[in-house]
$ cat final.csv   # CSV, C-alpha atoms and all ligand atoms
chain,number,residue,atom,x,y,z
A,1,MET,CA,0.0,0.0,0.0
A,2,THR,CA,1.5,3.3,-1.1
A,3,LEU,CA,1.7,6.2,1.4
A,4,THR,CA,0.9,8.6,-1.4
A,5,PRO,CA,-2.2,7.3,-3.4
A,6,SER,CA,-3.3,9.4,-6.4
A,7,LEU,CA,-6.5,11.1,-5.3
A,8,SER,CA,-8.3,14.2,-6.7
A,9,ASP,CA,-8.2,17.4,-4.7
A,10,PHE,CA,-11.8,16.9,-3.9
A,11,ASP,CA,-11.3,13.4,-2.6
A,12,TRP,CA,-8.5,14.7,-0.3
A,13,ILE,CA,-11.0,17.3,1.1
A,14,VAL,CA,-13.6,14.6,1.7
A,15,LEU,CA,-10.9,12.5,3.4
A,16,GLN,CA,-9.9,15.4,5.6
A,17,GLU,CA,-13.6,16.0,6.6
A,18,THR,CA,-14.2,12.4,7.6
A,19,HIS,CA,-12.0,13.0,10.6
A,20,ALA,CA,-14.3,12.4,13.5
A,21,VAL,CA,-14.3,9.9,16.4
A,22,GLU,CA,-18.0,9.3,16.2
A,23,GLY,CA,-18.3,9.3,12.4
A,24,VAL,CA,-20.0,11.8,10.2
A,25,THR,CA,-23.1,11.6,7.9
A,26,PRO,CA,-22.8,12.5,4.2
A,27,ASP,CA,-24.7,15.7,4.9
A,28,GLU,CA,-22.1,16.7,7.6
A,29,VAL,CA,-19.3,16.0,5.2
A,30,TRP,CA,-21.1,18.2,2.6
A,31,SER,CA,-21.5,21.0,5.1
A,32,ARG,CA,-17.8,20.9,6.0
A,33,VAL,CA,-16.7,20.6,2.4
A,34,GLN,CA,-18.4,23.9,1.5
A,35,TYR,CA,-15.9,25.8,3.7
A,36,HIS,CA,-13.1,24.8,1.4
A,37,ASN,CA,-14.2,27.2,-1.4
A,38,VAL,CA,-13.9,24.6,-4.2
A,39,PRO,CA,-16.5,23.9,-6.9
A,40,ALA,CA,-18.6,21.1,-5.5
A,41,PHE,CA,-22.1,19.7,-5.5
A,42,ARG,CA,-23.9,17.7,-2.8
A,43,SER,CA,-24.1,14.8,-5.3
A,44,MET,CA,-20.3,14.5,-5.3
A,45,ILE,CA,-20.1,13.4,-1.7
A,46,GLU,CA,-21.3,9.7,-1.8
A,47,PRO,CA,-19.1,8.8,-4.9
A,48,ALA,CA,-16.1,10.3,-3.2
A,49,LEU,CA,-16.8,8.3,-0.1
A,50,ARG,CA,-17.2,5.2,-2.1
A,51,ARG,CA,-13.8,5.8,-3.9
A,52,LEU,CA,-12.1,6.4,-0.6
A,53,SER,CA,-13.8,3.3,0.8
A,54,SER,CA,-12.6,1.2,-2.1
A,55,LEU,CA,-9.0,2.2,-1.1
A,56,ASN,CA,-9.7,1.3,2.6
A,57,LEU,CA,-9.3,5.0,3.7
A,58,VAL,CA,-12.8,5.4,5.1
A,59,ARG,CA,-15.4,3.0,6.2
A,60,SER,CA,-19.1,3.3,7.0
A,61,LEU,CA,-21.2,2.1,9.9
A,62,GLU,CA,-24.9,1.9,9.8
A,63,LEU,CA,-26.6,3.5,12.8
A,64,GLU,CA,-30.4,2.9,12.7
A,65,GLY,CA,-30.3,2.9,9.0
A,66,HIS,CA,-28.2,6.0,8.6
A,67,PRO,CA,-24.6,5.6,7.3
A,68,LEU,CA,-21.9,7.2,9.4
A,69,TRP,CA,-18.5,7.6,7.8
A,70,MET,CA,-15.1,7.7,9.5
A,71,ARG,CA,-11.5,7.3,8.5
A,72,THR,CA,-9.7,4.0,8.9
A,73,PRO,CA,-6.3,3.9,10.5
A,74,GLN,CA,-4.9,3.7,6.9
A,75,GLY,CA,-7.0,6.9,6.1
A,76,HIS,CA,-5.4,8.7,9.0
A,77,LEU,CA,-1.9,7.6,7.9
A,78,ILE,CA,-2.4,8.6,4.3
A,79,PHE,CA,-3.9,12.0,5.2
A,80,ASN,CA,-1.3,12.7,7.9
A,81,TRP,CA,1.6,11.8,5.7
A,82,ARG,CA,0.4,13.9,2.9
A,83,THR,CA,0.2,16.9,5.3
A,84,GLN,CA,3.6,16.1,6.6
A,85,LEU,CA,5.1,16.2,3.1
A,86,THR,CA,4.1,19.9,2.8
A,87,TRP,CA,6.7,20.7,5.5
A,88,PRO,CA,10.3,21.5,4.5
A,89,ASP,CA,11.6,18.6,6.6
A,90,PRO,CA,9.0,15.8,6.6
A,91,GLY,CA,11.4,13.3,8.2
A,92,PRO,CA,11.4,9.6,7.7
A,93,GLU,CA,8.2,7.7,6.7
A,94,PRO,CA,6.1,6.5,9.6
A,95,ARG,CA,6.8,3.0,10.8
A,96,PRO,CA,4.4,0.1,10.4
A,97,GLY,CA,1.4,0.5,12.7
A,98,GLU,CA,1.9,4.2,13.1
A,99,THR,CA,-0.8,6.6,11.9
A,100,GLY,CA,0.0,9.8,13.9
A,101,ASN,CA,-3.4,9.8,15.5
A,102,ASN,CA,-3.0,7.0,18.0
A,103,ARG,CA,-0.4,5.5,20.2
A,104,ALA,CA,1.2,2.8,18.0
A,105,SER,CA,3.0,1.0,20.9
A,106,ALA,CA,2.8,0.5,24.7
A,107,ALA,CA,6.0,2.7,25.1
A,108,PRO,CA,7.6,5.6,23.3
A,109,CYS,CA,9.8,4.6,20.3
A,110,ASP,CA,13.6,4.8,20.1
A,111,GLN,CA,13.8,7.9,17.9
A,112,TYR,CA,11.6,11.0,18.3
A,113,ARG,CA,10.2,11.9,14.8
A,114,PRO,CA,8.1,15.0,14.9
A,115,PHE,CA,4.5,14.5,13.8
A,116,HIS,CA,3.6,18.0,12.4
A,117,GLY,CA,-0.1,17.3,12.6
A,118,GLN,CA,0.2,17.4,16.4
A,119,PRO,CA,3.1,19.6,17.5
A,120,GLY,CA,5.3,18.1,20.2
A,121,TYR,CA,4.2,14.6,19.4
A,122,CYS,CA,6.1,11.8,17.7
A,123,TRP,CA,4.7,9.5,14.9
A,124,CYS,CA,4.6,6.8,17.6
A,125,GLY,CA,1.9,8.7,19.3
A,126,TRP,CA,3.9,9.7,22.4
A,127,TYR,CA,4.8,13.2,23.5
A,128,ARG,CA,8.5,14.2,22.9
A,129,ASP,CA,9.3,14.4,26.7
A,130,GLU,CA,8.0,10.8,27.2
A,131,HIS,CA,10.9,9.5,25.0
A,132,SER,CA,14.2,8.7,26.6
A,133,ALA,CA,16.8,11.4,26.5
A,134,GLN,CA,18.7,9.4,23.9
A,135,ALA,CA,15.6,9.0,21.7
A,136,GLN,CA,14.9,12.7,21.9
A,137,GLN,CA,18.4,13.6,20.7
A,138,SER,CA,19.0,11.0,18.0
A,139,LYS,CA,17.4,13.2,15.4
A,140,GLU,CA,19.7,16.2,16.1
A,141,ALA,CA,22.7,13.8,16.2
A,142,THR,CA,22.1,12.9,12.5
A,143,PRO,CA,23.3,15.5,10.2
B,1,ZN,ZN,8.4,8.2,19.1
$ encode --input "final.csv" --output "structure tokens"
Amino acid sequence: MTLTPSLSDFDWIVLQETHAVEGVTPDEVWSRVQYHNVPAFRSMIEPALRRLSSLNLVRSLELEGHPLWMRTPQGHLIFNWRTQLTWPDPGPEPRPGETGNNRASAAPCDQYRPFHGQPGYCWCGWYRDEHSAQAQQSKEATP
């Protein structure tokens, strides 16, 4: 699975707006999408969700007959990595199991790698200060 799938700008916006712990309805996605100032129609929402779903980036739950959409862990990873790549120094690719949005392990990792989506946090999901002193310094030690 590539970390950088080829998606339209609109699909990226829909992926961004499915970020919700409790899930969002297609109407909620639509109301959020309208803040992005892109040409869009309400009828574009479900097809975009289905495309993202076919890539395993979002999934839907039925709640009393109403679909609720949310990102999968893979969706978090793909979206977060794309955002990270807009920074001058994105750093190394996330390690297997890491998404940026959740703790990937029971303890901080061995090398602090800044996750720009949440300043002060590492891709492993732990705060910088929770890493060992050596793990916090290893990035600076590498030229
Ligand atoms: Zn870490």
$ atom_distance --input "final.csv" --atom1 "atom CA of A:His36" --atom2 "atom CA of A:Phe10"
9.6 Å
$ atom_distance --input "final.csv" --atom1 "atom CA of A:Leu61" --atom2 "atom CA of A:His19"
14.3 Å
$ closest_residue --input "final.csv" --among "A:Trp126, A:Tyr35, A:Trp30, A:Tyr121" --to "A:Ala106" --atoms "only C-alpha atoms"
A:Trp126
$ closest_atom_pairs --input "final.csv" --of "chain A" --to "ligand ZN 1 (chain B)" --cutoff "7 Å" --atoms "only C-alpha atoms and all ligand atoms" --output "Markdown table"
| residue | atom | partner | partner_atom | distance |
| --- | --- | --- | --- | --- |
| A:Pro108 | CA | B:ZN1 | ZN | 5.0 |
| A:Cys109 | CA | B:ZN1 | ZN | 4.0 |
| A:Asp110 | CA | B:ZN1 | ZN | 6.3 |
| A:Gln111 | CA | B:ZN1 | ZN | 5.5 |
| A:Tyr112 | CA | B:ZN1 | ZN | 4.3 |
| A:Arg113 | CA | B:ZN1 | ZN | 6.0 |
| A:Cys122 | CA | B:ZN1 | ZN | 4.5 |
| A:Trp123 | CA | B:ZN1 | ZN | 5.7 |
| A:Cys124 | CA | B:ZN1 | ZN | 4.3 |
| A:Gly125 | CA | B:ZN1 | ZN | 6.5 |
| A:Trp126 | CA | B:ZN1 | ZN | 5.8 |
| A:His131 | CA | B:ZN1 | ZN | 6.5 |
$ atom_distance --input "final.csv" --atom1 "atom CA of A:Asn102" --atom2 "atom CA of A:Ser8"
26.3 Å
